[in-house]
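Below: the structure, in structure tokens.
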Amino acid sequence: MTPRKKRFTMIGLGLAALGIASALVLNAFNSNLVFFFTPTQIENGEAPKGRTFRLGGLVEAGTLKREGDGLTVHFVVTDTVKRIPVTYKGILPDLFKEGKGAVAQGQLGADGTFVASEVLAKHDENYMPPEVAEAIAKAKKSGAQSSNTLTMSPERIKP
Amino acid sequence: MIPEVGHFALILALCVALVQGVFPIYGAAAGSPVLMSMAKPAARAQFLLVLIAFCCLGYAFAEKDFSVLYVAANANSKLPLHYRLAAIWGAHEGSLLLWTFILTLWMMAVTLFSKHLPEAMRARILGVMGLVSLGFLLFMLTVSNPFERLIPAAPDGRDLNPLLQDPGMVMHPPMLYMGYVGFSVAFAFAIAALLGGNLDAAWARWSRPWTTVAWCFLTVGIALGSGWAYYELGWGGWWFWDPVENASFMPWLAGTALMHSLAVTDKRGGFKVWTVLLAIMAFSLSLLGTFLVRSGVLTSVHAFATDPKRGLFILVFLAIVIGGSLLLYAWRAPRVGLGGGFDLVSRESMLLANNVLLVVAMGSVLLGTLYPLFLDALGLGKISVGPPYFDTVFVPLMTPAIFLMGIGPLAQWKRASLPALAMQLRWAFGVSVGTALLLPFVLGKWTPLLSLGLLLSLWIVTTTVAHIRERVSHLVGNSLLSCLAALPRAYWGMVLAHCGIAVFIIGVTMVKGFEVEQDLRMNVGETATIGGYTFRFDGAQEVKGPNYIAARGIFNVTKEGREVTMMYPEKRLYAVQNQAMTEAAIDSGLLRDLYVSLGEPLEDGAWSVRLYHKPFIDWIWGGCLIMALGGLLAVSDRRYRLAWRRERAEAPEALQPLEKGAA
């Protein structure tokens, strides 16, 4: 091979490899994006059916129920305007508490219950996941606040 | 008084950094020996000043001086001393101080081990490091001062986040920062070379040990973080592709590529421009990582409350450092030259392919980490990128890289023969493919990934044996042992580091393939069996710690009727922050870990419990340690010391005689 040919082969191979790699990366990327939705958005039908997404908001006080097996839990996530019931089987993270922010990942069932495969821990008592703080702020701004969904005063929410 | 001394020391350090960043670089350009000679004393003075500041903050923590805002926010009178000291880097301000301190530590090291460097080179290197440190000091003094007073003083502190009250906190951040900041030396070398316009093999040989040492620290730092997450978070996972982990992994990937590219520049004078770009990349990613993690854009334990002024400062600083060095690169790189040519099949081409794969992998992590942040910043919705993305991308990218890793050390520089390589490696190939196909059946389970993982690790080991044999066959010696001893340490370092990867892959493969995880409810006296081990829950009792109370579960573990161990996982409640914490109980072993953690108390003394059986998981961190040891062994090679001694006598020019050495 002449040096010229050699260089072209190398550049060609390099570009091909890079092309394959980027195709691979972008494909994997596209199929693994997890979107975040607030209870209001889900109620409005914005959340996809049959695809995993994240739901964030406050765990409504007094809604945490445990089934007999000690592992399956039910609770309600709210952005102070709309509420979504959630089911999760497994051990909840240490910082999961009623009245505090939480993010759950899973799918929306046919009956409107969110079936969580994962409940994400936050790491600090006073720390509100930014997604949750924003969801609450958005809901407050946009929504007529229905008093029956609100079990704690928004002033106590430290963003 | 003491905090003010610390604050004042930082201000002085800022002045010194300004001097160090301006005069030596100007002096190197103007050819003024007086100005250039200012670099060394300035760097040492800066080290002393930042050390004083660091000690002052440490003193404030040790003495529980709650009139210092940072101390009051991150410590408590009941917090034990070692955690009070670790709390220095427990939050934003202090961790920046640690960063700066380690930067000056590296500067100090450069002043000590740079006698062989030309005066202008040293002046430029220290000057660049001074400029970086200037940025950090300015940041601390303007928007992130660790010595800020709290008047009136708090009666007691808010305590350190319980998650951070762990031996991991004492080791992980300093190690990680040693790695991050260590790349600043490689970066400074690269910028100095661009400024000076001469980038030869000697330059590469000087920067190689620095890069390798930084890489070793980073490897250990990441491994420590991973191990910490494994036992502290209580979920038994060791890597979550969390943005924070990615932030430390990206510089590692770039640094790994840099080490290999430096090898080519050192031995063959090739890849010069690419090496410089990688050095800039590695340090830029370290900076990006530090700031991503510490600025609060990411939701994580590492993120702290944010202040928009800080965010702005960080963005501007990043833009100046990264943008400035890339501009300089674009302007000066063409002068540096390309270096020698090589064939399509040669060690150079394989190292190049390895570099491209590592950088593509780094790019894919960068995409997965930053894309959600960009979308969010533009107000286009909130997304996150799931761990499956990284898994699906990494396996196909790393598979060819590891395949090449086996061939590369055997291939000749400049031109290698494919048939000859195939001849040399046919045994290695046969043995690894055969074993990888059969072994899963012996273990009782077959999946494609299991076979692939075993194949890759066996391939590394068998090809390593093949090239050790090949090298020994060229040596004339009395016995095999003396032949092996005659091989240079740099070579053994490479062998060790590559074997570390093999050990790591075995760990990952076995854990992914055979781990058993079970969440269940256990009544007192109830038993559960996983992975051949029977766990009996003997109830939980209350215990008191210095700043927490805990429920301690008692588990009796037996295997085939014989008692193995007792395990005591805890659920702690830290009083000050009213925060619950899970302390898993782990019984480690060479071949398996048993892992028990408490979930929540249920009625009648029952608990929800996690029981895990994790085969070979310790190999993951063991592999990382072996990699780091390999790096250290390579650095101790006499060629670096010899080169130093020789160059002190002669002019630092000539290319090292072409030996078929370690890459």
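Ligands are numbered from 1 in the order shown, chains are lettered A, B, ... in the order of the structure tokens, and residues start at 1 in each chain.
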
Find the nearest atom pair between each residue of chain B and chain A for residues within 8 Å, count only C-alpha atoms, give distances in Å to one decimal, sort rows by chain and ascending number, and present the table as JSON lines.
```
{"residue": "B:Asn161", "atom": "CA", "partner": "A:Asp124", "partner_atom": "CA", "distance": 6.9}
{"residue": "B:Leu163", "atom": "CA", "partner": "A:His123", "partner_atom": "CA", "distance": 7.6}
{"residue": "B:Thr299", "atom": "CA", "partner": "A:Pro129", "partner_atom": "CA", "distance": 6.4}
{"residue": "B:Ser300", "atom": "CA", "partner": "A:His123", "partner_atom": "CA", "distance": 6.5}
{"residue": "B:Val301", "atom": "CA", "partner": "A:His123", "partner_atom": "CA", "distance": 5.1}
{"residue": "B:Asp343", "atom": "CA", "partner": "A:Lys6", "partner_atom": "CA", "distance": 7.6}
{"residue": "B:Leu344", "atom": "CA", "partner": "A:Met10", "partner_atom": "CA", "distance": 6.8}
{"residue": "B:Val360", "atom": "CA", "partner": "A:Ala21", "partner_atom": "CA", "distance": 7.5}
{"residue": "B:Ser364", "atom": "CA", "partner": "A:Val25", "partner_atom": "CA", "distance": 6.5}
{"residue": "B:Gly368", "atom": "CA", "partner": "A:Phe29", "partner_atom": "CA", "distance": 7.4}
{"residue": "B:Gly381", "atom": "CA", "partner": "A:Phe36", "partner_atom": "CA", "distance": 7.5}
{"residue": "B:Lys382", "atom": "CA", "partner": "A:Phe36", "partner_atom": "CA", "distance": 5.3}
{"residue": "B:Ile383", "atom": "CA", "partner": "A:Phe35", "partner_atom": "CA", "distance": 4.2}
{"residue": "B:Ser384", "atom": "CA", "partner": "A:Val34", "partner_atom": "CA", "distance": 5.0}
{"residue": "B:Val385", "atom": "CA", "partner": "A:Leu33", "partner_atom": "CA", "distance": 4.8}
{"residue": "B:Gly386", "atom": "CA", "partner": "A:Asn32", "partner_atom": "CA", "distance": 5.5}
{"residue": "B:Pro387", "atom": "CA", "partner": "A:Asn32", "partner_atom": "CA", "distance": 8.0}
{"residue": "B:Pro388", "atom": "CA", "partner": "A:Asn32", "partner_atom": "CA", "distance": 6.6}
{"residue": "B:Tyr389", "atom": "CA", "partner": "A:Ala28", "partner_atom": "CA", "distance": 5.4}
{"residue": "B:Thr392", "atom": "CA", "partner": "A:Ala28", "partner_atom": "CA", "distance": 6.5}
{"residue": "B:Val393", "atom": "CA", "partner": "A:Val25", "partner_atom": "CA", "distance": 5.8}
{"residue": "B:Leu397", "atom": "CA", "partner": "A:Ala21", "partner_atom": "CA", "distance": 7.5}
{"residue": "B:Asp519", "atom": "CA", "partner": "A:Gly90", "partner_atom": "CA", "distance": 6.3}
{"residue": "B:Leu520", "atom": "CA", "partner": "A:Leu71", "partner_atom": "CA", "distance": 6.8}
{"residue": "B:Arg521", "atom": "CA", "partner": "A:Gly70", "partner_atom": "CA", "distance": 5.7}
{"residue": "B:Gln577", "atom": "CA", "partner": "A:Glu125", "partner_atom": "CA", "distance": 6.9}
{"residue": "B:Asn578", "atom": "CA", "partner": "A:Glu125", "partner_atom": "CA", "distance": 7.8}
{"residue": "B:Gln579", "atom": "CA", "partner": "A:Glu125", "partner_atom": "CA", "distance": 6.6}
{"residue": "B:Ala580", "atom": "CA", "partner": "A:Asp94", "partner_atom": "CA", "distance": 5.6}
{"residue": "B:Met581", "atom": "CA", "partner": "A:Asp94", "partner_atom": "CA", "distance": 6.0}
{"residue": "B:Thr582", "atom": "CA", "partner": "A:Asp94", "partner_atom": "CA", "distance": 6.9}
{"residue": "B:Gly599", "atom": "CA", "partner": "A:Ile91", "partner_atom": "CA", "distance": 5.7}
{"residue": "B:Glu600", "atom": "CA", "partner": "A:Ile91", "partner_atom": "CA", "distance": 7.5}
{"residue": "B:Leu602", "atom": "CA", "partner": "A:Gly70", "partner_atom": "CA", "distance": 6.7}
{"residue": "B:Trp607", "atom": "CA", "partner": "A:Gly70", "partner_atom": "CA", "distance": 7.9}
{"residue": "B:Ser608", "atom": "CA", "partner": "A:Gly70", "partner_atom": "CA", "distance": 6.3}
{"residue": "B:Val609", "atom": "CA", "partner": "A:Ile91", "partner_atom": "CA", "distance": 7.8}
{"residue": "B:Arg610", "atom": "CA", "partner": "A:Ile91", "partner_atom": "CA", "distance": 7.9}
```

> If you run DSSP on this backbone, which residues of region 36-106 of chain A come out as alpha helix (DSSP H), and could you give them as number ranges by chain?
Replying inline: A: 39-43

Please dump the current selection as an mmCIF file, in the first residue's frame; keep C-alpha atoms.
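Here's the written file part05.cif:
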```cif
data_model
loop_
_atom_site.group_PDB
_atom_site.id
_atom_site.type_symbol
_atom_site.label_atom_id
_atom_site.label_comp_id
_atom_site.auth_asym_id
_atom_site.auth_seq_id
_atom_site.Cartn_x
_atom_site.Cartn_y
_atom_site.Cartn_z
ATOM 1 C CA PRO A 39 -49.173 14.328 39.334
ATOM 2 C CA THR A 40 -50.921 17.183 37.500
ATOM 3 C CA GLN A 41 -49.301 16.197 34.218
ATOM 4 C CA ILE A 42 -50.298 12.582 34.726
ATOM 5 C CA GLU A 43 -53.886 13.543 35.471
#
```

> region 99-115 of chain A: which residues within 7 Å, counting only C-alpha atoms, same-chain residues fewer than 3 positions away excluded, as number ranges by chain?
Replying inline: A: 49-61, 84-88, 96, 118-120, 128-129, 132

>> Just checking: using only C-alpha atoms, which residue out of A:Val73, A:Phe8, A:Ala116, A:Thr38 ends up closest to Ala139 (chain A)?
In response: A:Thr38

>> One decimal, in Å: what's the spacing between CA of Val465 (chain B) and CA of Gly408 (chain B)?
In response: 13.4 Å
